[in-house]
Each structure stands twice: as structure tokens, then as C-alpha cells.
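See structure below.
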Amino acid sequence: MAVFGAGTSRPLPGRGPSPGFRFTLYAILSIVLMFLDQRRGYLEHMRYYLAAAAYPLQLAVNSPTAAWRWLEASLATREALRAENEHLREQQRTLELRALRFDALARENAELRGLRTALPPLIDHWLPAEVVNVDLNSLGQQRLLINRGARNGVFKGQAVMDAEGLLGQTLHVGPWSAEIILVTDPEHAVPVQITRTGLRTIAVGGGDAESLALPYLPANADVKPGDVLVSSGLGGVFPQGYPVARVTEVRRDAVQPLAHIRATPLAHVDRAREVMLVWFRDDHPAAPASASTGTQSKDLKSGNAALLPQRVPPRAAPSAAPVAPGTAALSAPHPTSAVARAAGGQAASPPSADAVPALSPGAQEPPQ
Amino acid sequence: MSARQQPQPRGRMLLTALVGLILTVLPLPEWLAIARPVFLVLTVLYWSIAAPRAGGLALGFVAGLALDVFRGAVLGQHALALTTITYVAVREHQKIRSKPAFQQSLILFGALAVYEFIVFAIDGWSGHPVTTPLRWIHPLTGALVWPLVAAVLERSHGAALRAPAD
């Protein structure tokens, strides 16, 4: 190629060292940066400030969209608003009805487990965040930028959801903004469970807004299109029992040992404008596994939930006796034995993959 | 792209680089976003060829770092790739400058392919392999868009001190 014809051009006059020297300098600097960044932790601080520096420009890019939305909202007619209001009221009624049933179920569940009272809600608090409309994706990536950051208490590896299901988790957190890696990103994996059978596996992002893959199930696994996947609570980021995706395609190839299974995320990955950042109660048995072993967010080495260390579930003890070290860290609102028993419900089922989920209400099917 | 004796167009350069960055991260429909060339890289290459002393390698490095931050990539990835092709462009700026538009596009295609390859290699090395062949569209669209970008930038550059850049 013509460009690489070497040695014929003269160095630029003036201005310090030769381009060759400076090139070497910059190249070494880049490589050092890459090494430091690859071993996470060294550059987290730098990333934090860089994210802060980038945010104004990202907001500027977002401003036309934001202005358009504002205009749209302020020009909405009275009729449209009234219709929307009506719709929301109806929806609220439905949800209230469902919540009534939910309370009854929670009490029944507590009784079945021998707990004295129903467990407190798993979600401690949440924070709505708006999506900043910026293209963060190089090819195949599925990322979002939101307008909440460390100043709002957001931490790395936090679960992000919308009303329909899991959306993803925070990947880089700046002071006022955070980058989310969606469940559909090919570098993201969620430990999931099929509600119908209790089968546990891992759902890996498919690289576009509409697909997840379940690459680790054998060809004879009991999976059907329409099966709902919920988070299994392993992996340390997402709690147990939140809907993730619905299986859309199952293909079994006679010569392949593994089935080819695809699923569509339940959350509106491509249309999300508002997302929810969620804080979970650490002492709840369905909380993300690593939260109860006292691991803090900085110990999360990367966003890849599947690679995180997983807690060994405690053995179900007949009496109040031995408590696994993992649960010893669990503290107060409930007596320890009750929590151990509740968490033991998860472990008491056979260790094979088709364990029946103890905690997700959706799995309670009538006996055949 | 004449080398007139004039003050180094620093402000103009930074402004166009900023516009390039904005064009790079502007949300687009997916099919268009796939084909979108990295405008920031084109802008940096333009300034390396037209005014190699104004920004040169420093501009390449900083712009690459900005791309790393905006793309959430390993810090230094795009910086290394962009510094490399900026170096080549600065070194050979006189040769490239004297070529007609079509040949410039060809040379640009080569440079962008090298850029993409470095990014691709680092992607693989750092454990985020993106193997879709779609990524090789970028050098092609970049080379196709180059005459236009160069004309626009030349205008902003040639009509110095008067018209607002871009």
C-alpha cells in the first residue's frame, strides 16, 4: 500500500521531537493504559472522571431528543391526557387487585415455610432513571446510558429492570451517569431458571435487541417454546425469581449434543425510555447470592454475572443447628434459623439441574 | 488542501473534532448505525493530512481516548489504533495530499482497514471478540464518505477565520 512507503519523507521541521519518537511514546502509553484497564480496579477512578467529562457532550447529543419529547409532552391535547389518565387508572386497579392476591399468597407461603410472619418485600428501594439517547454501541453491543450515577447511590453491578422484567446491570458508573449492559449484550450472561421445570441454566445475550441464547442445555433438555425464564438468584447480581425472557425457538439437531435455544427478553430492551435501578434487601433469602456473603460491589470483577463466585447454598438442617458460613453473615430482622431454613428450601431439593424452585410463585403448578 | 501560510487552525480543528465525535455517537436507526463510518477518525485523518503540525499525534491520541470512553472499550484501544494511522498520515501527508480524490479514498480505505484491524485484534486479545463480518463495512463506508468529509472540512478550513466551522 502506498501509505507505507517508508523512509522517503522528511521529518516535519520545528516543534520538538520527531513524529516517530512521539508515536512510540503514545503507543507505549496506550498499551500501558490497556494493561492497567484490563486488570480492573487500577483505572476505575480514571474512568469515573472520564465518564464525568463525557457526560456534558452526551447530554448535548441527547438534547434534540429530549427537546422533542418535551415538546411532545407539552403539546399533548386534553383528550389524549384524559385517555391516558383513564388507562393508567384502569391499570392501577388491575395491579391493586393482583397485589391483594399477592399478599394472601405471601402469607400462605410464609405459613408453608413455618415462618412466623411473611418476609419483608425483597426490593428495598428503587430509583427511576431516564435513558440518555446516545449511541454507545460498537457492533453487536447492547448498552444504554442513564442519567443517574454514583451521586445517586448507584453502584457497579446493580440490577436494572423495567416493569416487564430484567433489563441488565450497571457496567461503568460515573458521578451523574451510568452505563448499563443489557441482558441481550453478547458479553452478558444471566443465571436463569425455567419456571415450568425448574431447570437451571445460563442465558447469554444474542447481540440484538430481541434475542438471548441458552447455549448450555443438552439436546434432551425439557424446554418448549413459550417457557418463561426467571433469574435463578445465583451469580450475585440479580435476585431470584424475576422474569427475564420467554423461549421462542427450540431446535434439536440430531448430530449436536446441545440444543439450539433462543429466547426474547421480556423487558422492552429497545424501547426503554425509563428504567428502574433497584436496591435489594440483603437479608432476604431470595436476594442475590453474593449480597448475603457480604461481598460488596467492588469485588465484582466484571459485569459478567455468570463468572462471579457463587454462594454454596446452606444445607437444610432438621433442627436449628449447623449454619453454613455463608448464612452466618446474615443478620437480624429474622431469627437466623428461620432464614437458614428458608434458604435451605432452595438447597433441600435435589442438586441436579431440575430442582423445583422453592421461592418463585410462578412455579407452583397443580400436581399432575 | 493547500498549505497556505496561515496560523495553525487549532480552534477550528478542535471544533470539527467535536462535531465528528457528536456524529459518531448520535443515535441512529440500527441499519444506518451499522454502516456509519467513524466520523471522528475521518476528521482526525483530515487534519493530519491537511495540517499535520496543528494536531498531529496528540490529536489522534486524545480523540482515540475519547472514543474509548464513549464506546466503553478498554482504555487505550482506539487510542492505539488511531495514533498508529495518524502517524502514518502525518508522515505521508504530502504524498496523500497530492493525490486525486479517488486515490485518496483508496489510501483512506487502507488506513481505515488497518485501524479496524488493530481494534479487532485488541478486542480479541482483551476477551471481547466481535466476530461479525459487519465490522469490515466501516473502512468501506469511511472511504466512500471521505471525499465529502474532506470537501466539507476543506471549506471550513479554507474559508479561515470567517465562516463557522461546519
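Ligands are numbered from 1 in the order shown, chains are lettered A, B, ... in the order of the C-alpha cells, and residues start at 1 in each chain.
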For chain A against chain B, which residues fall within 6 Å using only C-alpha atoms, given as a ChimeraX atom specification? /A:27,30,33-34,134-136
Test item, helix (DSSP H, G or I) assignment across stretch 2-162 of chain B, answer as a ChimeraX atom specification: /B:10-25,30-35,39-50,56-71,77-91,93-97,101-125,133-158
Write out as a PDB file with C-alpha atoms, in the first residue's frame the residues lying within 8 Å of A:Gln169, counting only C-alpha atoms and excluding same-chain residues fewer than 6 positions away.
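Result saved to part_5.pdb:
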ATOM      1  CA  LYS A 156     -21.325  -1.089  39.794  1.00  0.00           C
ATOM      2  CA  GLY A 157     -23.098  -4.375  39.149  1.00  0.00           C
ATOM      3  CA  GLN A 158     -26.508  -3.119  40.187  1.00  0.00           C
ATOM      4  CA  ALA A 159     -29.641  -4.700  38.785  1.00  0.00           C
ATOM      5  CA  VAL A 160     -31.649  -2.616  36.334  1.00  0.00           C
ATOM      6  CA  ILE A 180     -25.866  -0.331  31.522  1.00  0.00           C
ATOM      7  CA  ILE A 181     -25.011  -3.601  29.899  1.00  0.00           C
ATOM      8  CA  LEU A 182     -28.273  -5.130  28.740  1.00  0.00           C
ATOM      9  CA  VAL A 183     -29.166  -8.793  29.089  1.00  0.00           C
ATOM     10  CA  VAL A 237     -26.313  -9.601  40.821  1.00  0.00           C
ATOM     11  CA  GLY A 303     -20.197  -7.322  34.502  1.00  0.00           C
TER      12      GLY A 303
END
Just checking: using only C-alpha atoms, which residue out of A:Ile202, A:Asn133, A:Ala104, A:Ala73 ends up closest to A:Ala60?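 Looking at the shortest contact to A:Ala60, the residue is A:Asn133.
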Name all residues at most 10 Å from A:Val247 (count only C-alpha atoms; drop same-chain ones fewer than 3 positions away) and give them as a list in words.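 The residues that qualify are Ile194, Ser211, Leu212, Ala213, Leu214, Val223, Lys224, Pro225, Gly226, Asp227, Val228, Leu229, Val250, Ile261, Arg262, Ala263, Thr264 and Pro265 of chain A.
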